[in-house]
>>> print(open('upload17.cif').read())   # mmCIF, C-alpha atoms
data_input
#
loop_
_atom_site.label_atom_id
_atom_site.label_comp_id
_atom_site.auth_asym_id
_atom_site.auth_seq_id
_atom_site.Cartn_x
_atom_site.Cartn_y
_atom_site.Cartn_z
CA MET A 1 85.42 152.03 91.51
CA THR A 2 88.64 151.00 89.76
CA THR A 3 91.15 148.82 91.58
CA ILE A 4 94.78 149.72 91.03
CA LEU A 5 96.72 146.63 90.12
CA PRO A 6 100.26 146.38 91.54
CA SER A 7 103.02 146.09 88.95
CA PRO A 8 104.66 142.71 88.23
CA SER A 9 107.83 143.89 90.02
CA GLU A 10 105.74 144.54 93.14
CA PHE A 11 105.00 140.80 93.16
CA GLY A 12 108.73 140.02 93.21
CA LEU A 13 109.57 139.93 89.51
CA PRO A 14 112.78 141.66 88.37
CA GLU A 15 112.69 145.45 88.02
CA LYS A 16 112.59 145.26 84.23
CA PHE A 17 108.98 144.10 84.70
CA ALA A 18 107.95 147.45 86.20
CA SER A 19 104.61 147.63 84.39
CA TRP A 20 102.06 145.37 82.79
CA ARG A 21 102.13 144.95 79.01
CA ARG A 22 98.98 145.48 76.99
CA GLY A 23 96.55 142.67 77.87
CA GLN A 24 98.59 141.31 80.79
CA GLY A 25 96.78 143.20 83.53
CA ARG A 26 93.36 142.02 82.34
CA ALA A 27 94.58 138.42 82.03
CA PHE A 28 96.16 138.64 85.50
CA GLN A 29 92.85 139.77 86.99
CA GLN A 30 91.06 136.91 85.20
CA LEU A 31 93.46 134.47 86.86
CA LEU A 32 93.02 136.07 90.27
CA HIS A 33 89.24 136.00 90.12
CA SER A 34 88.79 132.57 88.53
CA GLU A 35 87.11 129.97 90.73
CA ARG A 36 88.03 127.17 88.34
CA ARG A 37 90.47 124.42 89.21
CA PHE A 38 92.04 124.56 85.74
CA VAL A 39 92.58 127.80 83.86
CA GLY A 40 93.79 127.95 80.28
CA LEU A 41 94.84 131.20 78.69
CA ALA A 42 95.15 131.49 74.93
CA ILE A 43 96.94 134.77 74.53
CA PRO A 44 99.17 135.88 71.67
CA THR A 45 102.93 135.88 71.43
CA GLY A 46 104.48 138.97 72.96
CA VAL A 47 101.91 139.51 75.70
CA GLY A 48 104.30 138.11 78.27
CA LYS A 49 102.74 134.88 79.49
CA THR A 50 105.77 134.00 81.62
CA ALA A 51 105.73 137.22 83.62
CA LEU A 52 101.96 136.85 83.92
CA TYR A 53 101.99 133.38 85.46
CA LEU A 54 105.05 134.07 87.63
CA ALA A 55 103.40 137.21 89.06
CA TYR A 56 100.31 135.08 89.79
CA ILE A 57 102.44 132.41 91.53
CA LYS A 58 104.20 135.07 93.62
CA ALA A 59 100.98 136.98 94.40
CA LEU A 60 99.35 133.87 95.85
CA GLY A 61 102.52 132.48 97.48
CA LEU A 62 102.29 129.20 95.58
CA ARG A 63 104.86 126.54 94.93
CA ALA A 64 104.63 125.80 91.24
CA CYS A 65 106.46 123.82 88.58
CA THR A 66 106.75 125.23 85.07
CA LEU A 67 106.98 122.82 82.17
CA THR A 68 108.27 123.97 78.80
CA ALA A 69 108.50 122.41 75.38
CA THR A 70 112.11 123.39 74.76
CA LYS A 71 115.40 123.74 76.58
CA GLY A 72 115.67 127.19 75.01
CA LEU A 73 112.58 128.36 76.88
CA GLN A 74 113.96 126.82 80.08
CA SER A 75 117.16 128.80 79.59
CA GLN A 76 115.15 131.97 78.96
CA LEU A 77 113.17 131.46 82.17
CA GLU A 78 116.31 131.02 84.22
CA ARG A 79 117.99 134.01 82.55
CA ASP A 80 114.99 136.37 82.91
CA PHE A 81 113.93 135.23 86.41
CA PRO A 82 117.13 134.02 88.14
CA LYS A 83 115.87 134.58 91.69
CA ILE A 84 112.55 132.85 91.06
CA VAL A 85 113.08 129.93 88.66
CA THR A 86 115.37 126.91 89.22
CA ASP A 87 116.12 124.85 86.12
CA VAL A 88 116.53 121.06 86.02
CA ARG A 89 116.99 118.91 82.93
CA GLY A 90 117.44 115.27 82.01
CA MET A 91 120.62 113.35 82.83
CA GLY A 92 121.98 113.68 79.30
CA ASN A 93 122.47 117.41 79.91
CA TYR A 94 125.02 116.94 82.71
CA ASP A 95 128.62 115.71 82.71
CA CYS A 96 129.46 112.77 84.94
CA LEU A 97 132.29 114.01 87.13
CA GLU A 98 132.98 110.60 88.68
CA PHE A 99 133.25 108.34 85.62
CA GLY A 100 133.35 110.68 82.62
CA GLY A 101 130.82 111.03 79.83
CA ARG A 102 127.26 112.13 80.46
CA CYS A 103 125.14 111.25 83.50
CA ASP A 104 122.59 109.35 81.39
CA ASP A 105 125.31 106.82 80.53
CA ALA A 106 127.09 106.69 83.90
CA PRO A 107 127.96 103.38 85.60
CA CYS A 108 126.04 104.43 88.73
CA LEU A 109 122.83 103.75 86.78
CA ASP A 110 123.90 100.11 86.60
CA GLY A 111 124.53 99.86 90.33
CA ARG A 112 128.13 101.02 90.60
CA LYS A 113 128.77 103.16 93.70
CA CYS A 114 129.30 106.85 93.09
CA ARG A 115 130.85 109.03 95.78
CA LEU A 116 129.17 112.13 94.32
CA ARG A 117 125.56 110.85 94.32
CA PHE A 118 124.56 112.77 97.45
CA GLY A 119 126.69 115.84 96.85
CA GLY A 120 128.86 116.91 93.95
CA CYS A 121 127.03 115.30 91.01
CA HIS A 122 125.76 118.04 88.68
CA TYR A 123 122.59 116.10 87.82
CA TYR A 124 121.54 114.95 91.30
CA ASP A 125 122.47 118.33 92.78
CA ALA A 126 120.23 120.03 90.18
CA VAL A 127 117.34 117.69 91.06
CA ALA A 128 117.86 118.41 94.78
CA ARG A 129 117.90 122.20 94.16
CA ALA A 130 114.71 121.92 92.12
CA GLY A 131 113.12 119.89 94.91
CA ARG A 132 113.70 122.79 97.31
CA ALA A 133 112.89 125.59 94.85
CA GLU A 134 109.77 127.73 94.89
CA VAL A 135 109.45 127.48 91.09
CA PRO A 136 111.39 124.66 89.46
CA SER A 137 111.37 124.62 85.67
CA THR A 138 111.81 121.57 83.50
CA ASN A 139 110.69 120.25 80.15
CA TYR A 140 107.90 117.85 79.25
CA ALA A 141 110.30 114.96 78.57
CA PHE A 142 111.83 115.23 82.07
CA TRP A 143 108.42 115.56 83.73
CA MET A 144 106.93 112.56 81.94
CA SER A 145 109.89 110.24 82.52
CA HIS A 146 111.08 111.28 85.97
CA ASP A 147 109.99 110.34 89.47
CA GLN A 148 108.23 113.52 90.59
CA GLU A 149 108.73 112.65 94.27
CA ASP A 150 112.21 114.17 94.02
CA LEU A 151 110.66 117.49 93.00
CA GLY A 152 108.09 117.48 95.79
CA GLU A 153 104.50 118.68 95.99
CA PHE A 154 103.14 121.61 94.00
CA ASP A 155 100.18 123.94 94.34
CA MET A 156 100.23 124.65 90.64
CA LEU A 157 101.59 123.15 87.43
CA VAL A 158 102.18 125.50 84.49
CA ALA A 159 102.12 123.84 81.06
CA ASP A 160 103.80 126.57 79.00
CA GLU A 161 103.41 126.03 75.26
CA GLY A 162 100.93 123.31 76.23
CA HIS A 163 100.14 122.53 72.60
CA ALA A 164 103.58 120.90 72.38
CA ILE A 165 102.90 118.30 75.08
#
>>> encode(input="upload17.cif", output="C-alpha cells")
Amino acid sequence: MTTILPSPSEFGLPEKFASWRRGQGRAFQQLLHSERRFVGLAIPTGVGKTALYLAYIKALGLRACTLTATKGLQSQLERDFPKIVTDVRGMGNYDCLEFGGRCDDAPCLDGRKCRLRFGGCHYYDAVARAGRAEVPSTNYAFWMSHDQEDLGEFDMLVADEGHAI
C-alpha cells in the first residue's frame, strides 16, 4: 500500500512549493521515519534542501534554528519563507540609531546608557524577534559568538551548508 505524501505547501510552506521536487519526497520520508538523534542528508544542489527541512519542521511542530554559512543564504531564506523564517545577524549589520555608526561599535557596549536598548534598537529588536520566532535563521559566526539564551530553546538545529562550519 502506497502512502500519499502531502505537498510541502500543505505543511505551511508558500504556495509556490505546491509539489515535491525529484528526490525531496523520498528524503522527507527518510527524515520522518528516522529514529536517530542526528540525521545528515547529503543531497545535491537543486533538490531543495531548505523546503525539505522546513516542511519537516512544520510537519512535526518543532521550534528550530537554521544556521547558514552566508548572509546571502539568510536573505534567501527570509525572502522565500517570510512567514516562517525570522532573520537575525551580528551587530555590525545594524545601524545604531542612538549614537550613529554601527551597533558593533556603539557606546552602549562600553556601558553607556541607551534609551533604545529595550525597544527601538534595530539589533536588539531583531534578537528579540528571533527569540520569539518559530524558525529563527542566523549564520555560524553569530551562533558561535552569541549568547544563545536570547534565542531560547530549540527542538532542532539545522546546519545548512554544514561543510562550511
>>> residues_around(input="upload17.cif", residues="Tyr94 of chain A", least_positions_apart="3", cutoff="12 Å", atoms="all atoms listed in the file", output="ChimeraX atom specification")
/A:88-91,97-98,100-106,120-127
>>> closest_residue(input="upload17.cif", among="A:Asp160, A:Ile84, A:Arg22, A:Pro14", to="Leu62 of chain A", atoms="all atoms listed in the file")
A:Ile84
>>> residues_near_point(input="upload17.cif", point="(108.1, 126.0, 93.7)", cutoff="6 Å", atoms="all atoms listed in the file", output="NGL selection string")
:A and (63-65 or 133-136)
>>> atom_distance(input="upload17.cif", atom1="atom CA of Gln74 of chain A", atom2="atom CA of Ala164 of chain A")
14.2 Å
>>> residues_near_point(input="upload17.cif", point="(116.4, 133.4, 91.1)", cutoff="12 Å", atoms="all atoms listed in the file", output="PDB file with C-alpha atoms, in the frame of the given file")
ATOM      1  CA  GLY A  12     108.730 140.020  93.210  1.00  0.00           C
ATOM      2  CA  LEU A  13     109.570 139.930  89.510  1.00  0.00           C
ATOM      3  CA  PRO A  14     112.780 141.660  88.370  1.00  0.00           C
ATOM      4  CA  LEU A  54     105.050 134.070  87.630  1.00  0.00           C
ATOM      5  CA  LEU A  77     113.170 131.460  82.170  1.00  0.00           C
ATOM      6  CA  GLU A  78     116.310 131.020  84.220  1.00  0.00           C
ATOM      7  CA  ARG A  79     117.990 134.010  82.550  1.00  0.00           C
ATOM      8  CA  ASP A  80     114.990 136.370  82.910  1.00  0.00           C
ATOM      9  CA  PHE A  81     113.930 135.230  86.410  1.00  0.00           C
ATOM     10  CA  PRO A  82     117.130 134.020  88.140  1.00  0.00           C
ATOM     11  CA  LYS A  83     115.870 134.580  91.690  1.00  0.00           C
ATOM     12  CA  ILE A  84     112.550 132.850  91.060  1.00  0.00           C
ATOM     13  CA  VAL A  85     113.080 129.930  88.660  1.00  0.00           C
ATOM     14  CA  THR A  86     115.370 126.910  89.220  1.00  0.00           C
ATOM     15  CA  ASP A  87     116.120 124.850  86.120  1.00  0.00           C
ATOM     16  CA  ARG A 129     117.900 122.200  94.160  1.00  0.00           C
ATOM     17  CA  ALA A 130     114.710 121.920  92.120  1.00  0.00           C
ATOM     18  CA  ALA A 133     112.890 125.590  94.850  1.00  0.00           C
ATOM     19  CA  GLU A 134     109.770 127.730  94.890  1.00  0.00           C
ATOM     20  CA  VAL A 135     109.450 127.480  91.090  1.00  0.00           C
ATOM     21  CA  PRO A 136     111.390 124.660  89.460  1.00  0.00           C
ATOM     22  CA  SER A 137     111.370 124.620  85.670  1.00  0.00           C
TER      23      SER A 137
END
>>> closest_residue(input="upload17.cif", among="A:Phe38, A:Glu153, A:Leu116, A:Met144", to="Gly131 of chain A", atoms="only C-alpha atoms")
A:Glu153
>>> closest_residue(input="upload17.cif", among="A:Ile43, A:Cys96, A:Leu5, A:Leu67", to="Ala55 of chain A", atoms="all atoms listed in the file")
A:Leu5
>>> atom_distance(input="upload17.cif", atom1="atom CA of His33 of chain A", atom2="atom CA of Phe11 of chain A")
16.8 Å
>>> resolve_selection(input="upload17.cif", expression="the PyMOL selection byres ((chain A and resi 7) around 8)", output="PyMOL selection string")
chain A and resi 5-6+8-11+17-20
>>> closest_residue(input="upload17.cif", among="A:Gln148, A:Ser75, A:Gln24, A:Thr138", to="Val47 of chain A", atoms="only C-alpha atoms")
A:Gln24
>>> closest_residue(input="upload17.cif", among="A:Leu73, A:Val158, A:Ala141, A:Ala128", to="Leu52 of chain A", atoms="only C-alpha atoms")
A:Val158
>>> atom_distance(input="upload17.cif", atom1="atom CA of Ile165 of chain A", atom2="atom CA of Asn139 of chain A")
9.5 Å
>>> closest_residue(input="upload17.cif", among="A:Ala59, A:Ala51, A:Pro107, A:Thr66", to="Leu151 of chain A", atoms="all atoms listed in the file")
A:Thr66
>>> axis_aligned_box(input="upload17.cif", around="segment 99-105 of chain A", padding_each_side="5 Å", output="JSON")
{"center_x": 128.0, "center_y": 109.5, "center_z": 82.7, "size_x": 20.8, "size_y": 15.3, "size_z": 15.8}
